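Working notes, structure below.
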Amino acid sequence: MISKTSFLSGSQCPKLLWMKLNRPEDFPGVTEAKQAIFDQGHQIGELAKSLYPEGIEVGQGVVQRSAVLTETEGLLGRRVPLYEPAFAFDGGYARIDILVPDGDQAWRIVEVKSGTRVKDENVLDIAFQLYVCRGAGLRITGSALMHVESSYVRQGEIDASQLLTEEDITTEAEALLPGIPGKLAALKELVSQPTVPGTPIGPHCTKPYSCDLIPQCWQFLPEYPVTDLASDNGGKRWRLLDEGIYGLSEIPDPASYNPKHRIQIEAARSGVAHVSADDIARFLDGLEWPVAYFDIETTSSAVPFYDGTSPYQQIPFQYSIHVQETSGADLEHHEFLAEGQDDPRPVFLESLREVLPTRGTIVAYNASFEKRCLRETAEACPGHEWAGELGDRFLDLLIPFRNFWFHHRDQHGSASIKNVLPVLGDTDYSHLAIQDGNAAARAFAAAEFGSLSPGERQQVRRDLLAYCRLDTKAMVDLMRALEQVASG
């Protein structure tokens with residue numbers, strides 16, 4: 001049978017579904033990042049169940065689908081909410097997050113997600129459930145997506161009735177019902193084929209979800225492929241692939257492309273970095289001493305950690321600053337890392353005020369994030385209005401790379417600092433236990449809200465400090481490299 005998860009996978013990419021069901025060993029294990037998403041979804045799911053008390057969990061610890069179907073059938077007559085009941089019809093198999101009695105004979109489907117809005121894939125998901133449940137003999141009067149309410153503000157214990165909201169999408173889901181039988185039939189035939197389908201790569205590789213098979217499916221591409229084209233909203237990369245043009249250096253008419261793409265094509269052909277020295281020099285002229293290289297780490301969660309905060313709100317818990325008084329002077333480093341389960345924002349700002357120079361340039365990479373974070377944090381912390389007024393002092397180190405004033409083919413079209421550093425600096429993160437901001441956020445949450453031992457917690461804190469410190473040191477190195485590039 002085709003489960004709703006398999007149905008959605010097949011709707012994204014036939015090859016993805018075939019591989020999942022026929023060669024599951026070819027998929028990588030669950031990463032720490034994915035597990036964190038699963039854990040968050042489970043947490044939201046448990047809160048959703050609390051809104052339908054006296055419900056019954058179906059199929060706990062049961063592996064065989066036939067047993068879950070039998071258990072579900074035996075519970076329907078009790079007319080109580082059912083968590084994870086199972087139904088089968090026409091080769092489709094669906095487990096419903098929450099099945100809610102509606103009157104004497106009918107039911108409502110409630111699908112639970114940890115996002116903050118209805119997405120197209122959610123509607124398709126519920127349409128599949130409607131088809132299977134109605135085919136199995138249930139009278140379904142409505143369906144809803146229960147999701148996180150982004151405007152919720154925590155005050156004390158979590159109020160699930162305010163954190164979560166139901167949005168009826170019955171009309172939208174029923175509009176997709178006519179297409180479900182044909183799609184399901186096609187997927188059933190697909191998975192029974194002896195060989196993997198030759199689905200070409202395309203936009204579906206990353207939408208609605210980034211596929212685990214990308215390393216396998218894309219390995220035929222050359223080292224500098226047309227998929228590197230930056231900000232390719234017009235889909236040039238896919239048209240080129242359809243024409244049999246795989247590499248940037250193979251593109252026949254670079255003059256017809258936009259300036260950034262022309263830079264990429266030429267850099268791929270020559271192997272020489274593109275440099276706009278005058279633009280970089282003007283950028284560097286914007287520095288005012290002392291210069292503070294500044295980086296913030298934040299945490300966020302579907303279920304807010306702190307009073308006065310909302311779902312997915314970015315809460316700063318750490319900073320690193322390297323201060324240089326004058327050009328060529330020694331660096332002075334300052335850092336902060338929150339500790340405990342109290343709101344870190346007030347003490348974060350108090351610490352920052354003590355070490356941040358009152359004048360001069362503040363350098364950050366993708367500075368819009370730091371500026372927004374400081375502004376929102378200042379608004380939440382009376383007496384710290386000064387932090388919200390720092391915006392004019394920022395210089396965004398992303399600008400030279402986003403504008404392609406410097407671009408090397410080994411950046412693969414990206415201006416991310418992790419792509420820029422290997423070609424213009426010698427900063428290496430590979431030796432660190434924490435190597436990116438998302439991992440830092442997960443580590444902080446585990447240290448302060450998880451069940452780590454005291455020794456594990458202290459090690460995580462040391463790892464966090466090492467990561468953030470290297471982030472600002474990397475900016476120093478990039479700035480020095482830009483100075484050398486601009487001077488020829």
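Just remember, in the structure tokens the first chain shown is A, the second B, etc., residues are 1-based per chain, and ligands are 1-based in the order shown.
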
Which residues, written as a compact mmCIF listing (two decimals) with N, CA and C atoms, in the first residue's frame, have at least one atom at most 12 Å from Glu385 in chain A, with only C-alpha atoms counted and residues fewer than 2 positions away on the same chain left out?
```txt
# COMPACT_ATOMS: atom_id res chain seq x y z
N PRO A 346 18.02 40.69 28.31
CA PRO A 346 18.52 41.84 29.09
C PRO A 346 20.01 41.75 29.41
N LEU A 349 22.24 42.34 26.34
CA LEU A 349 22.43 43.74 25.97
C LEU A 349 23.31 44.46 26.99
N GLU A 350 23.18 44.14 28.26
CA GLU A 350 24.03 44.77 29.28
C GLU A 350 25.50 44.44 29.03
N ARG A 353 26.76 46.31 25.85
CA ARG A 353 27.01 47.74 26.05
C ARG A 353 28.37 47.99 26.69
N LEU A 374 19.02 43.09 16.97
CA LEU A 374 19.27 44.11 17.99
C LEU A 374 18.07 45.03 18.15
N ARG A 375 17.45 45.39 17.04
CA ARG A 375 16.29 46.28 17.11
C ARG A 375 15.14 45.62 17.87
N GLU A 376 14.84 44.37 17.54
CA GLU A 376 13.74 43.67 18.20
C GLU A 376 14.05 43.40 19.67
N THR A 377 15.31 43.10 19.95
CA THR A 377 15.70 42.85 21.34
C THR A 377 15.61 44.13 22.16
N ALA A 378 16.03 45.25 21.58
CA ALA A 378 15.94 46.53 22.28
C ALA A 378 14.49 46.90 22.58
N GLU A 379 13.60 46.62 21.64
CA GLU A 379 12.18 46.92 21.85
C GLU A 379 11.60 46.11 23.00
N ALA A 380 12.16 44.93 23.24
CA ALA A 380 11.65 44.06 24.30
C ALA A 380 12.29 44.34 25.65
N CYS A 381 13.34 45.17 25.67
CA CYS A 381 14.10 45.41 26.90
C CYS A 381 14.16 46.91 27.18
N PRO A 382 13.24 47.43 27.97
CA PRO A 382 13.23 48.87 28.29
C PRO A 382 14.58 49.32 28.87
N GLY A 383 14.99 50.51 28.45
CA GLY A 383 16.27 51.04 28.90
C GLY A 383 17.42 50.71 27.98
N ALA A 387 20.56 50.05 21.64
CA ALA A 387 20.88 48.91 20.78
C ALA A 387 20.09 48.95 19.48
N GLY A 388 18.87 49.52 19.54
CA GLY A 388 18.07 49.63 18.34
C GLY A 388 18.51 50.75 17.42
N GLU A 389 19.43 51.57 17.89
CA GLU A 389 19.90 52.73 17.12
C GLU A 389 21.27 52.49 16.50
N LEU A 390 21.74 51.27 16.52
CA LEU A 390 23.08 50.96 16.01
C LEU A 390 23.11 50.71 14.51
N GLY A 391 21.94 50.63 13.89
CA GLY A 391 21.87 50.21 12.49
C GLY A 391 22.74 50.99 11.54
```

List as an MDAnalysis selection string the protein and nucleic acid residues near Gly103 in chain A, meaning an atom at most 12 Å away when only C-alpha atoms are counted, but skip any in the same chain fewer than 6 places from it. chainID A and resid 79:80 139:142

Residues within 10 Å of Val275 in chain A, only C-alpha atoms, excluding chain neighbours under 2 positions, as a ChimeraX atom specification: /A:263,272-273,277-280,400,404-408,482,485-486,488

Near range 288-291 of chain A, within 12 Å and counting only C-alpha atoms, which residues show up once chain neighbours fewer than 4 positions away are dropped, as number ranges by chain? A: 283-284, 321-333, 356-364, 392-395, 472, 475-476, 479

Ile98 in chain A surroundings by only C-alpha atoms, 8 Å radius, close-in-sequence under 2 positions cut, as a JSON list (two decimals) with N, CA, C and O atoms, in the first residue's frame:
```
[["chain", "number", "residue", "atom", "x", "y", "z"],
["A", 49, "LYS", "N", -2.82, 17.03, 20.84],
["A", 49, "LYS", "CA", -3.68, 16.00, 21.46],
["A", 49, "LYS", "C", -4.33, 16.53, 22.74],
["A", 49, "LYS", "O", -5.46, 16.14, 23.07],
["A", 81, "PRO", "N", -12.19, 11.08, 20.27],
["A", 81, "PRO", "CA", -11.08, 11.42, 19.38],
["A", 81, "PRO", "C", -10.08, 10.27, 19.31],
["A", 81, "PRO", "O", -9.77, 9.63, 20.33],
["A", 82, "LEU", "N", -9.58, 10.00, 18.13],
["A", 82, "LEU", "CA", -8.59, 8.96, 17.93],
["A", 82, "LEU", "C", -7.30, 9.58, 17.41],
["A", 82, "LEU", "O", -7.32, 10.38, 16.47],
["A", 83, "TYR", "N", -6.20, 9.22, 18.05],
["A", 83, "TYR", "CA", -4.89, 9.70, 17.62],
["A", 83, "TYR", "C", -4.22, 8.62, 16.77],
["A", 83, "TYR", "O", -4.06, 7.49, 17.21],
["A", 84, "GLU", "N", -3.86, 8.97, 15.57],
["A", 84, "GLU", "CA", -3.15, 8.07, 14.64],
["A", 84, "GLU", "C", -3.96, 6.84, 14.23],
["A", 84, "GLU", "O", -3.39, 5.75, 14.07],
["A", 85, "PRO", "N", -5.28, 6.94, 14.04],
["A", 85, "PRO", "CA", -6.01, 5.79, 13.50],
["A", 85, "PRO", "C", -5.61, 5.56, 12.05],
["A", 85, "PRO", "O", -5.14, 6.48, 11.36],
["A", 96, "ILE", "N", -4.23, 9.11, 10.44],
["A", 96, "ILE", "CA", -4.74, 10.46, 10.66],
["A", 96, "ILE", "C", -4.18, 10.99, 11.98],
["A", 96, "ILE", "O", -4.24, 10.30, 13.00],
["A", 100, "VAL", "N", -11.66, 13.35, 14.75],
["A", 100, "VAL", "CA", -12.54, 13.92, 15.77],
["A", 100, "VAL", "C", -14.00, 13.61, 15.43],
["A", 100, "VAL", "O", -14.45, 13.86, 14.31],
["A", 109, "ILE", "N", -11.20, 15.43, 10.10],
["A", 109, "ILE", "CA", -9.76, 15.16, 10.06],
["A", 109, "ILE", "C", -9.01, 16.39, 10.52],
["A", 109, "ILE", "O", -9.26, 17.50, 10.04],
["A", 110, "VAL", "N", -8.09, 16.21, 11.45],
["A", 110, "VAL", "CA", -7.22, 17.30, 11.88],
["A", 110, "VAL", "C", -5.77, 16.87, 11.64],
["A", 110, "VAL", "O", -5.28, 15.92, 12.27],
["A", 111, "GLU", "N", -5.11, 17.53, 10.74],
["A", 111, "GLU", "CA", -3.70, 17.30, 10.45],
["A", 111, "GLU", "C", -2.89, 18.33, 11.24],
["A", 111, "GLU", "O", -3.21, 19.53, 11.24],
["A", 112, "VAL", "N", -1.84, 17.89, 11.91],
["A", 112, "VAL", "CA", -1.06, 18.76, 12.79],
["A", 112, "VAL", "C", 0.32, 19.00, 12.19],
["A", 112, "VAL", "O", 1.02, 18.05, 11.83]]
```

Between CA of Val423 in chain A and CA of His274 in chain A, what distance in Å does the model show, to one decimal? 12.1 Å

Which parts of range 302-428 of chain A does DSSP call helix (DSSP H, G or I) when run on the backbone here, written out as a PyMOL selection string? chain A and resi 345-355+367-380+385-388+391-393+399-402+409-411+417-424

Can you pull out the residues contacting range 4-19 of chain A? Cut-off 7 Å, using only C-alpha atoms, and skip same-chain residues under 2 positions away; I want them as a ChimeraX atom specification. /A:2,21-24,93-94,125,128,187,190-191,196-197,199,204

I'd like the contact shell of Phe87 in chain A - 7 Å cut-off, only C-alpha atoms, skipping same-chain residues fewer than 3 positions apart - returned as a list of chain:residue names. A:Leu69, A:Tyr93, A:Ala94, A:Arg95, A:Val132, A:Cys133, A:Ala136

Include N, CA and C atoms and write out the residues we just selected as a compact mmCIF listing (two decimals), in the first residue's frame.
```txt
# COMPACT_ATOMS: atom_id res chain seq x y z
N LEU A 69 -5.01 -1.33 11.45
CA LEU A 69 -6.32 -1.18 10.81
C LEU A 69 -7.41 -1.88 11.63
N TYR A 93 -2.92 4.01 2.08
CA TYR A 93 -2.93 3.77 3.52
C TYR A 93 -2.66 5.10 4.21
N ALA A 94 -3.56 5.50 5.12
CA ALA A 94 -3.43 6.81 5.77
C ALA A 94 -3.63 6.67 7.27
N ARG A 95 -2.70 7.24 8.02
CA ARG A 95 -2.88 7.39 9.45
C ARG A 95 -3.17 8.86 9.72
N VAL A 132 -8.85 8.34 1.07
CA VAL A 132 -8.73 7.03 1.70
C VAL A 132 -9.83 6.83 2.74
N CYS A 133 -10.07 7.83 3.59
CA CYS A 133 -11.06 7.67 4.66
C CYS A 133 -12.47 7.51 4.11
N ALA A 136 -12.88 4.20 2.62
CA ALA A 136 -12.95 3.16 3.64
C ALA A 136 -14.29 3.14 4.36
```

Considering only C-alpha atoms, state which residue in the set A:Phe27, A:Phe401, A:Phe317, A:Tyr246 is at the smallest distance from Thr227 in chain A. A:Tyr246

Any chance you could list, as number ranges by chain, the residues in range 64-307 of chain A that come up strand (DSSP E or B) when DSSP is run on the backbone? A: 82-83, 86-89, 92-95, 98-102, 106-112, 140-148, 164-168, 225, 247, 274-275, 291-299
